[in-house]
>>> print(open('target_29.cif').read())   # mmCIF, N, CA and C atoms
data_data
loop_
_atom_site.label_atom_id
_atom_site.label_comp_id
_atom_site.auth_asym_id
_atom_site.auth_seq_id
_atom_site.Cartn_x
_atom_site.Cartn_y
_atom_site.Cartn_z
N MET E 15 -0.91 54.69 14.83
CA MET E 15 -0.37 53.96 13.70
C MET E 15 0.72 52.99 14.16
N ARG E 16 1.60 53.48 15.02
CA ARG E 16 2.70 52.64 15.51
C ARG E 16 2.14 51.45 16.30
N SER E 17 1.10 51.66 17.09
CA SER E 17 0.52 50.55 17.87
C SER E 17 -0.15 49.54 16.94
N THR E 18 -0.71 49.99 15.83
CA THR E 18 -1.32 49.08 14.85
C THR E 18 -0.26 48.18 14.23
N VAL E 19 0.89 48.74 13.90
CA VAL E 19 1.98 47.97 13.32
C VAL E 19 2.49 46.95 14.33
N LEU E 20 2.63 47.34 15.59
CA LEU E 20 3.09 46.42 16.63
C LEU E 20 2.09 45.29 16.84
N ILE E 21 0.80 45.60 16.78
CA ILE E 21 -0.22 44.57 16.93
C ILE E 21 -0.15 43.59 15.76
N LEU E 22 0.00 44.09 14.54
CA LEU E 22 0.12 43.23 13.37
C LEU E 22 1.34 42.32 13.47
N ILE E 23 2.47 42.87 13.90
CA ILE E 23 3.68 42.05 14.06
C ILE E 23 3.46 40.98 15.11
N ALA E 24 2.83 41.32 16.21
CA ALA E 24 2.56 40.35 17.28
C ALA E 24 1.63 39.24 16.76
N MET E 25 0.63 39.60 15.96
CA MET E 25 -0.30 38.61 15.41
C MET E 25 0.42 37.68 14.44
N LEU E 26 1.30 38.24 13.61
CA LEU E 26 2.06 37.41 12.67
C LEU E 26 2.99 36.45 13.39
N LEU E 27 3.65 36.93 14.43
CA LEU E 27 4.53 36.05 15.21
C LEU E 27 3.73 34.93 15.87
N ALA E 28 2.58 35.25 16.40
CA ALA E 28 1.74 34.23 17.05
C ALA E 28 1.25 33.21 16.02
N ALA E 29 0.88 33.68 14.83
CA ALA E 29 0.40 32.76 13.79
C ALA E 29 1.51 31.84 13.32
N CYS E 30 2.72 32.36 13.19
CA CYS E 30 3.84 31.53 12.75
C CYS E 30 4.17 30.46 13.78
N GLY E 31 4.03 30.76 15.04
CA GLY E 31 4.32 29.79 16.09
C GLY E 31 3.27 28.72 16.22
N SER E 32 2.08 28.94 15.64
CA SER E 32 1.00 27.96 15.79
C SER E 32 0.92 27.00 14.61
N GLN E 33 1.82 27.13 13.66
CA GLN E 33 1.77 26.24 12.50
C GLN E 33 2.20 24.83 12.89
N HIS E 34 1.55 23.86 12.29
CA HIS E 34 1.90 22.46 12.52
C HIS E 34 2.99 22.06 11.55
N PRO E 35 3.95 21.25 12.01
CA PRO E 35 4.98 20.81 11.08
C PRO E 35 4.38 19.95 9.97
N ALA E 36 4.99 19.98 8.82
CA ALA E 36 4.51 19.16 7.70
C ALA E 36 4.64 17.69 8.05
N ALA E 37 3.74 16.88 7.48
CA ALA E 37 3.80 15.44 7.73
C ALA E 37 5.14 14.89 7.23
N ALA E 38 5.69 13.97 7.99
CA ALA E 38 6.97 13.38 7.62
C ALA E 38 6.81 12.54 6.35
N PRO E 39 7.83 12.51 5.52
CA PRO E 39 7.73 11.68 4.32
C PRO E 39 7.67 10.21 4.70
N PRO E 40 7.03 9.39 3.88
CA PRO E 40 6.97 7.96 4.17
C PRO E 40 8.37 7.39 4.34
N THR E 41 8.52 6.53 5.34
CA THR E 41 9.85 6.01 5.65
C THR E 41 9.92 4.49 5.62
N SER E 42 8.83 3.83 5.31
CA SER E 42 8.81 2.37 5.29
C SER E 42 8.27 1.91 3.93
N VAL E 43 8.59 0.66 3.57
CA VAL E 43 8.21 0.14 2.25
C VAL E 43 7.53 -1.22 2.40
N VAL E 44 6.43 -1.39 1.66
CA VAL E 44 5.80 -2.70 1.49
C VAL E 44 5.83 -2.97 -0.01
N LYS E 45 6.38 -4.12 -0.40
CA LYS E 45 6.43 -4.48 -1.81
C LYS E 45 6.17 -5.97 -1.93
N GLY E 46 5.85 -6.39 -3.13
CA GLY E 46 5.61 -7.81 -3.33
C GLY E 46 5.07 -8.07 -4.71
N THR E 47 4.54 -9.28 -4.88
CA THR E 47 3.93 -9.67 -6.14
C THR E 47 2.54 -10.20 -5.88
N VAL E 48 1.72 -10.13 -6.91
CA VAL E 48 0.39 -10.74 -6.88
C VAL E 48 0.39 -11.81 -7.96
N SER E 49 -0.01 -13.02 -7.57
CA SER E 49 -0.05 -14.12 -8.52
C SER E 49 -1.33 -14.92 -8.31
N ALA E 50 -1.55 -15.91 -9.17
CA ALA E 50 -2.72 -16.79 -9.08
C ALA E 50 -2.27 -18.21 -9.36
N GLY E 51 -2.78 -19.14 -8.56
CA GLY E 51 -2.41 -20.53 -8.75
C GLY E 51 -3.32 -21.44 -7.95
N PRO E 52 -3.27 -22.71 -8.17
CA PRO E 52 -2.40 -23.39 -9.12
C PRO E 52 -2.90 -23.22 -10.55
N VAL E 53 -2.00 -23.45 -11.50
CA VAL E 53 -2.35 -23.33 -12.91
C VAL E 53 -2.59 -24.68 -13.56
N SER E 54 -2.36 -25.74 -12.80
CA SER E 54 -2.54 -27.10 -13.31
C SER E 54 -2.93 -28.00 -12.14
N PRO E 55 -3.74 -29.04 -12.39
CA PRO E 55 -4.12 -29.93 -11.30
C PRO E 55 -2.94 -30.74 -10.74
N LEU E 56 -1.89 -30.90 -11.54
CA LEU E 56 -0.72 -31.64 -11.11
C LEU E 56 0.51 -30.75 -11.18
N ALA E 57 1.33 -30.80 -10.13
CA ALA E 57 2.59 -30.07 -10.15
C ALA E 57 3.57 -30.80 -11.06
N ARG E 58 4.24 -30.04 -11.92
CA ARG E 58 5.21 -30.62 -12.83
C ARG E 58 6.56 -29.94 -12.61
N PRO E 59 7.62 -30.72 -12.53
CA PRO E 59 8.95 -30.13 -12.33
C PRO E 59 9.28 -29.14 -13.44
N GLY E 60 9.81 -27.98 -13.04
CA GLY E 60 10.22 -26.97 -14.01
C GLY E 60 9.09 -26.11 -14.54
N VAL E 61 7.85 -26.39 -14.14
CA VAL E 61 6.70 -25.60 -14.59
C VAL E 61 6.17 -24.81 -13.39
N PRO E 62 6.06 -23.49 -13.52
CA PRO E 62 5.58 -22.69 -12.40
C PRO E 62 4.17 -23.13 -11.98
N SER E 63 3.91 -23.07 -10.68
CA SER E 63 2.59 -23.47 -10.18
C SER E 63 1.63 -22.29 -10.13
N ALA E 64 2.13 -21.07 -10.39
CA ALA E 64 1.28 -19.88 -10.37
C ALA E 64 1.70 -18.94 -11.50
N VAL E 65 0.81 -18.03 -11.87
CA VAL E 65 1.10 -17.01 -12.89
C VAL E 65 0.97 -15.64 -12.24
N VAL E 66 1.73 -14.68 -12.75
CA VAL E 66 1.63 -13.32 -12.21
C VAL E 66 0.30 -12.70 -12.63
N VAL E 67 -0.20 -11.81 -11.79
CA VAL E 67 -1.43 -11.09 -12.09
C VAL E 67 -1.05 -9.64 -12.40
N ARG E 68 -1.22 -9.27 -13.65
CA ARG E 68 -0.86 -7.93 -14.12
C ARG E 68 -2.05 -6.98 -14.00
N GLY E 69 -1.77 -5.74 -13.66
CA GLY E 69 -2.78 -4.69 -13.71
C GLY E 69 -3.88 -4.77 -12.67
N THR E 70 -3.70 -5.55 -11.62
CA THR E 70 -4.72 -5.60 -10.57
C THR E 70 -4.42 -4.52 -9.53
N THR E 71 -5.45 -4.01 -8.89
CA THR E 71 -5.29 -2.96 -7.90
C THR E 71 -4.90 -3.56 -6.55
N VAL E 72 -3.89 -2.96 -5.93
CA VAL E 72 -3.46 -3.33 -4.59
C VAL E 72 -3.60 -2.07 -3.73
N GLU E 73 -4.17 -2.24 -2.54
CA GLU E 73 -4.41 -1.10 -1.65
C GLU E 73 -3.75 -1.33 -0.30
N ALA E 74 -3.38 -0.23 0.35
CA ALA E 74 -2.91 -0.24 1.73
C ALA E 74 -3.98 0.50 2.53
N LEU E 75 -4.60 -0.20 3.49
CA LEU E 75 -5.69 0.38 4.27
C LEU E 75 -5.32 0.48 5.74
N ARG E 76 -5.81 1.52 6.40
CA ARG E 76 -5.79 1.66 7.85
C ARG E 76 -7.25 1.70 8.25
N GLY E 77 -7.69 0.65 8.92
CA GLY E 77 -9.12 0.54 9.19
C GLY E 77 -9.82 0.39 7.85
N SER E 78 -10.82 1.23 7.61
CA SER E 78 -11.53 1.17 6.33
C SER E 78 -11.05 2.24 5.35
N GLN E 79 -10.06 3.02 5.74
CA GLN E 79 -9.57 4.11 4.90
C GLN E 79 -8.41 3.65 4.02
N VAL E 80 -8.55 3.86 2.71
CA VAL E 80 -7.48 3.54 1.76
C VAL E 80 -6.43 4.64 1.88
N ILE E 81 -5.22 4.25 2.29
CA ILE E 81 -4.12 5.20 2.45
C ILE E 81 -3.34 5.33 1.14
N ALA E 82 -3.20 4.23 0.41
CA ALA E 82 -2.47 4.23 -0.86
C ALA E 82 -3.03 3.13 -1.74
N ALA E 83 -2.93 3.33 -3.05
CA ALA E 83 -3.37 2.31 -4.01
C ALA E 83 -2.45 2.37 -5.22
N THR E 84 -2.25 1.21 -5.82
CA THR E 84 -1.42 1.12 -7.02
C THR E 84 -1.90 -0.08 -7.83
N ARG E 85 -1.36 -0.23 -9.02
CA ARG E 85 -1.67 -1.39 -9.86
C ARG E 85 -0.38 -2.19 -10.06
N THR E 86 -0.52 -3.49 -10.17
CA THR E 86 0.65 -4.32 -10.41
C THR E 86 1.19 -4.08 -11.81
N ASP E 87 2.51 -4.21 -11.96
CA ASP E 87 3.14 -4.01 -13.25
C ASP E 87 3.09 -5.31 -14.07
N GLN E 88 3.81 -5.35 -15.18
CA GLN E 88 3.80 -6.52 -16.08
C GLN E 88 4.33 -7.79 -15.42
N ALA E 89 5.13 -7.63 -14.36
CA ALA E 89 5.66 -8.79 -13.64
C ALA E 89 4.85 -9.10 -12.38
N GLY E 90 3.69 -8.41 -12.23
CA GLY E 90 2.85 -8.65 -11.06
C GLY E 90 3.34 -7.98 -9.80
N ARG E 91 4.29 -7.06 -9.91
CA ARG E 91 4.89 -6.40 -8.74
C ARG E 91 4.14 -5.12 -8.38
N TYR E 92 4.22 -4.79 -7.08
CA TYR E 92 3.69 -3.52 -6.57
C TYR E 92 4.61 -3.03 -5.48
N GLU E 93 4.49 -1.75 -5.12
CA GLU E 93 5.29 -1.19 -4.03
C GLU E 93 4.59 0.03 -3.44
N PHE E 94 4.64 0.13 -2.11
CA PHE E 94 4.12 1.30 -1.39
C PHE E 94 5.21 1.86 -0.51
N LYS E 95 5.30 3.18 -0.42
CA LYS E 95 6.10 3.85 0.59
C LYS E 95 5.09 4.42 1.59
N LEU E 96 5.20 3.98 2.85
CA LEU E 96 4.19 4.29 3.86
C LEU E 96 4.83 4.78 5.15
N GLN E 97 4.03 5.46 5.94
CA GLN E 97 4.42 5.82 7.30
C GLN E 97 4.42 4.56 8.15
N PRO E 98 5.22 4.50 9.21
CA PRO E 98 5.14 3.36 10.12
C PRO E 98 3.71 3.21 10.66
N GLY E 99 3.30 1.99 10.90
CA GLY E 99 1.95 1.72 11.41
C GLY E 99 1.47 0.36 10.94
N THR E 100 0.20 0.09 11.24
CA THR E 100 -0.42 -1.18 10.86
C THR E 100 -1.34 -0.96 9.67
N TYR E 101 -1.19 -1.81 8.66
CA TYR E 101 -1.96 -1.70 7.42
C TYR E 101 -2.49 -3.06 7.00
N LEU E 102 -3.61 -3.03 6.29
CA LEU E 102 -4.11 -4.20 5.58
C LEU E 102 -3.70 -4.00 4.13
N ILE E 103 -2.90 -4.92 3.60
CA ILE E 103 -2.51 -4.87 2.20
C ILE E 103 -3.46 -5.80 1.47
N ARG E 104 -4.23 -5.25 0.50
CA ARG E 104 -5.31 -6.00 -0.13
C ARG E 104 -5.28 -5.90 -1.64
N ALA E 105 -5.46 -7.06 -2.29
CA ALA E 105 -5.64 -7.11 -3.75
C ALA E 105 -7.01 -7.73 -4.01
N GLN E 106 -7.71 -7.23 -5.03
CA GLN E 106 -9.03 -7.75 -5.37
C GLN E 106 -9.09 -8.05 -6.86
N SER E 107 -9.82 -9.14 -7.20
CA SER E 107 -10.00 -9.51 -8.60
C SER E 107 -11.25 -10.38 -8.72
N ASP E 108 -11.99 -10.19 -9.79
CA ASP E 108 -13.17 -11.02 -10.07
C ASP E 108 -12.83 -12.22 -10.94
N LYS E 109 -11.55 -12.40 -11.29
CA LYS E 109 -11.15 -13.45 -12.22
C LYS E 109 -10.89 -14.80 -11.56
N TYR E 110 -10.78 -14.84 -10.24
CA TYR E 110 -10.33 -16.06 -9.57
C TYR E 110 -11.35 -16.51 -8.53
N LEU E 111 -11.19 -17.75 -8.08
CA LEU E 111 -12.08 -18.31 -7.06
C LEU E 111 -12.06 -17.43 -5.81
N SER E 112 -10.88 -17.09 -5.33
CA SER E 112 -10.79 -16.14 -4.21
C SER E 112 -10.84 -14.74 -4.81
N LYS E 113 -11.78 -13.94 -4.40
CA LYS E 113 -11.98 -12.60 -4.97
C LYS E 113 -11.08 -11.56 -4.32
N GLU E 114 -10.54 -11.89 -3.14
CA GLU E 114 -9.71 -10.95 -2.41
C GLU E 114 -8.62 -11.71 -1.66
N LYS E 115 -7.43 -11.16 -1.68
CA LYS E 115 -6.31 -11.68 -0.89
C LYS E 115 -5.77 -10.51 -0.10
N SER E 116 -5.47 -10.75 1.18
CA SER E 116 -4.97 -9.65 2.00
C SER E 116 -4.07 -10.19 3.10
N GLU E 117 -3.29 -9.27 3.64
CA GLU E 117 -2.43 -9.58 4.77
C GLU E 117 -2.26 -8.32 5.60
N THR E 118 -2.34 -8.46 6.92
CA THR E 118 -2.12 -7.34 7.83
C THR E 118 -0.64 -7.30 8.18
N VAL E 119 -0.06 -6.09 8.09
CA VAL E 119 1.35 -5.91 8.40
C VAL E 119 1.52 -4.72 9.35
N THR E 120 2.55 -4.77 10.15
CA THR E 120 2.92 -3.65 11.00
C THR E 120 4.33 -3.22 10.63
N LEU E 121 4.45 -1.96 10.21
CA LEU E 121 5.73 -1.41 9.76
C LEU E 121 6.34 -0.54 10.84
N SER E 122 7.63 -0.69 11.05
CA SER E 122 8.36 0.23 11.91
C SER E 122 9.16 1.18 11.03
N HIS E 123 9.71 2.21 11.62
CA HIS E 123 10.45 3.23 10.88
C HIS E 123 11.61 2.60 10.10
N GLY E 124 11.67 2.85 8.79
CA GLY E 124 12.76 2.37 7.96
C GLY E 124 12.65 0.91 7.54
N GLN E 125 11.59 0.24 7.91
CA GLN E 125 11.45 -1.19 7.61
C GLN E 125 10.98 -1.40 6.17
N SER E 126 11.43 -2.51 5.58
CA SER E 126 10.97 -2.92 4.26
C SER E 126 10.43 -4.34 4.37
N LEU E 127 9.18 -4.53 3.99
CA LEU E 127 8.53 -5.84 4.05
C LEU E 127 8.13 -6.31 2.66
N THR E 128 8.20 -7.62 2.46
CA THR E 128 7.71 -8.22 1.22
C THR E 128 6.44 -8.97 1.54
N VAL E 129 5.37 -8.62 0.84
CA VAL E 129 4.07 -9.28 1.02
C VAL E 129 3.61 -9.77 -0.35
N ASN E 130 3.70 -11.08 -0.54
CA ASN E 130 3.25 -11.69 -1.79
C ASN E 130 1.84 -12.24 -1.59
N LEU E 131 0.94 -11.89 -2.48
CA LEU E 131 -0.46 -12.31 -2.39
C LEU E 131 -0.76 -13.27 -3.54
N VAL E 132 -1.44 -14.39 -3.22
CA VAL E 132 -1.73 -15.42 -4.24
C VAL E 132 -3.23 -15.69 -4.27
N PHE E 133 -3.86 -15.41 -5.40
CA PHE E 133 -5.27 -15.74 -5.60
C PHE E 133 -5.39 -17.24 -5.86
N ASP E 134 -6.49 -17.83 -5.38
CA ASP E 134 -6.77 -19.26 -5.63
C ASP E 134 -7.55 -19.37 -6.94
N THR E 135 -7.00 -20.14 -7.88
CA THR E 135 -7.65 -20.31 -9.18
C THR E 135 -8.79 -21.32 -9.13
N GLY E 136 -8.79 -22.16 -8.11
CA GLY E 136 -9.81 -23.19 -8.00
C GLY E 136 -9.46 -24.47 -8.74
N ILE E 137 -8.34 -24.50 -9.43
CA ILE E 137 -7.93 -25.71 -10.15
C ILE E 137 -7.44 -26.74 -9.15
N ARG E 138 -7.99 -27.96 -9.25
CA ARG E 138 -7.58 -29.04 -8.34
C ARG E 138 -7.31 -30.29 -9.12
#
>>> encode(input="target_29.cif", output="structure tokens")
Amino acid sequence: MRSTVLILIAMLLAACGSQHPAAAPPTSVVKGTVSAGPVSPLARPGVPSAVVVRGTTVEALRGSQVIAATRTDQAGRYEFKLQPGTYLIRAQSDKYLSKEKSETVTLSHGQSLTVNLVFDTGIR
């Protein structure tokens, strides 16, 4: 009986030592806006050349794997908290001439990047 208890304790100690540490919390940020433009064939002073795109999906990909996804808010803004590394930040929409806008970014620990994506409306 005593040897069985000692074996169980040894097995528990070995199992505890083989656990992998939990993944570190995201330490870097990618944020920005999604817009579409131009909105007029002629630029006019005081009139914005693009409009915000609300409710479109923005994804952070590593290779072909989607690591995070969100939708833009009423002001066209989005934000991701990510681990350091290289990501493709991509927005997609069927409403504009360009169906996809993306940018590749490399994040280091604690870094904050702004990535603004602009769909082409096709207005000339």
>>> residues_around(input="target_29.cif", residues="Ser54 in chain E", least_positions_apart="2", cutoff="8 Å", atoms="only N, CA and C atoms", output="list of chain:residue names")
E:Gly51, E:Pro52, E:Leu56, E:Ala57, E:Arg58, E:Pro62, E:Ser63, E:Ala64, E:Ile137, E:Arg138
>>> atom_distance(input="target_29.cif", atom1="CA of Lys115 in chain E", atom2="CA of Val132 in chain E")
6.8 Å
>>> resolve_selection(input="target_29.cif", expression="the PyMOL selection byres ((chain E and resi 44) around 6.5)", output="list in words")
Ser42, Val43, Lys45, Gly46, Tyr92, Glu93, Phe94, Lys95, Leu96, Gln125, Ser126, Leu127, Thr128 and Val129 of chain E
>>> residues_around(input="target_29.cif", residues="range 75-85 of chain E", least_positions_apart="2", cutoff="6.5 Å", atoms="only N, CA and C atoms", output="ChimeraX atom specification")
/E:68-73,87,91-92,100-104
>>> residues_around(input="target_29.cif", residues="Ser122 in chain E", least_positions_apart="5", cutoff="7 Å", atoms="all atoms listed in the file", output="list in words")
Thr41, Ser42, Gln97, Pro98 and Gly99 of chain E
>>> atom_distance(input="target_29.cif", atom1="CA of Val61 in chain E", atom2="CA of Ser116 in chain E")
25.8 Å
>>> residues_around(input="target_29.cif", residues="Ser112 in chain E", least_positions_apart="6", cutoff="6 Å", atoms="only N, CA and C atoms", output="list in words")
Phe133, Asp134 and Thr135 of chain E
>>> axis_aligned_box(input="target_29.cif", around="range 95-111 of chain E", padding_each_side="5 Å", output="lines of an AutoDock Vina configuration file")
center_x = -3.5
center_y = -6.2
center_z = -0.4
size_x = 29.3
size_y = 34.1
size_z = 33.6
>>> residues_around(input="target_29.cif", residues="Val67 in chain E", least_positions_apart="6", cutoff="6 Å", atoms="only C-alpha atoms", output="list in words")
Val48, Ser49 and Gly90 of chain E
>>> atom_distance(input="target_29.cif", atom1="atom N of Leu111 in chain E", atom2="atom C of Gly136 in chain E")
7.0 Å
>>> select_by_dssp(input="target_29.cif", residues="range 19-136 of chain E", states="alpha helix (DSSP H)", output="MDAnalysis selection string")
chainID E and resid 19:31
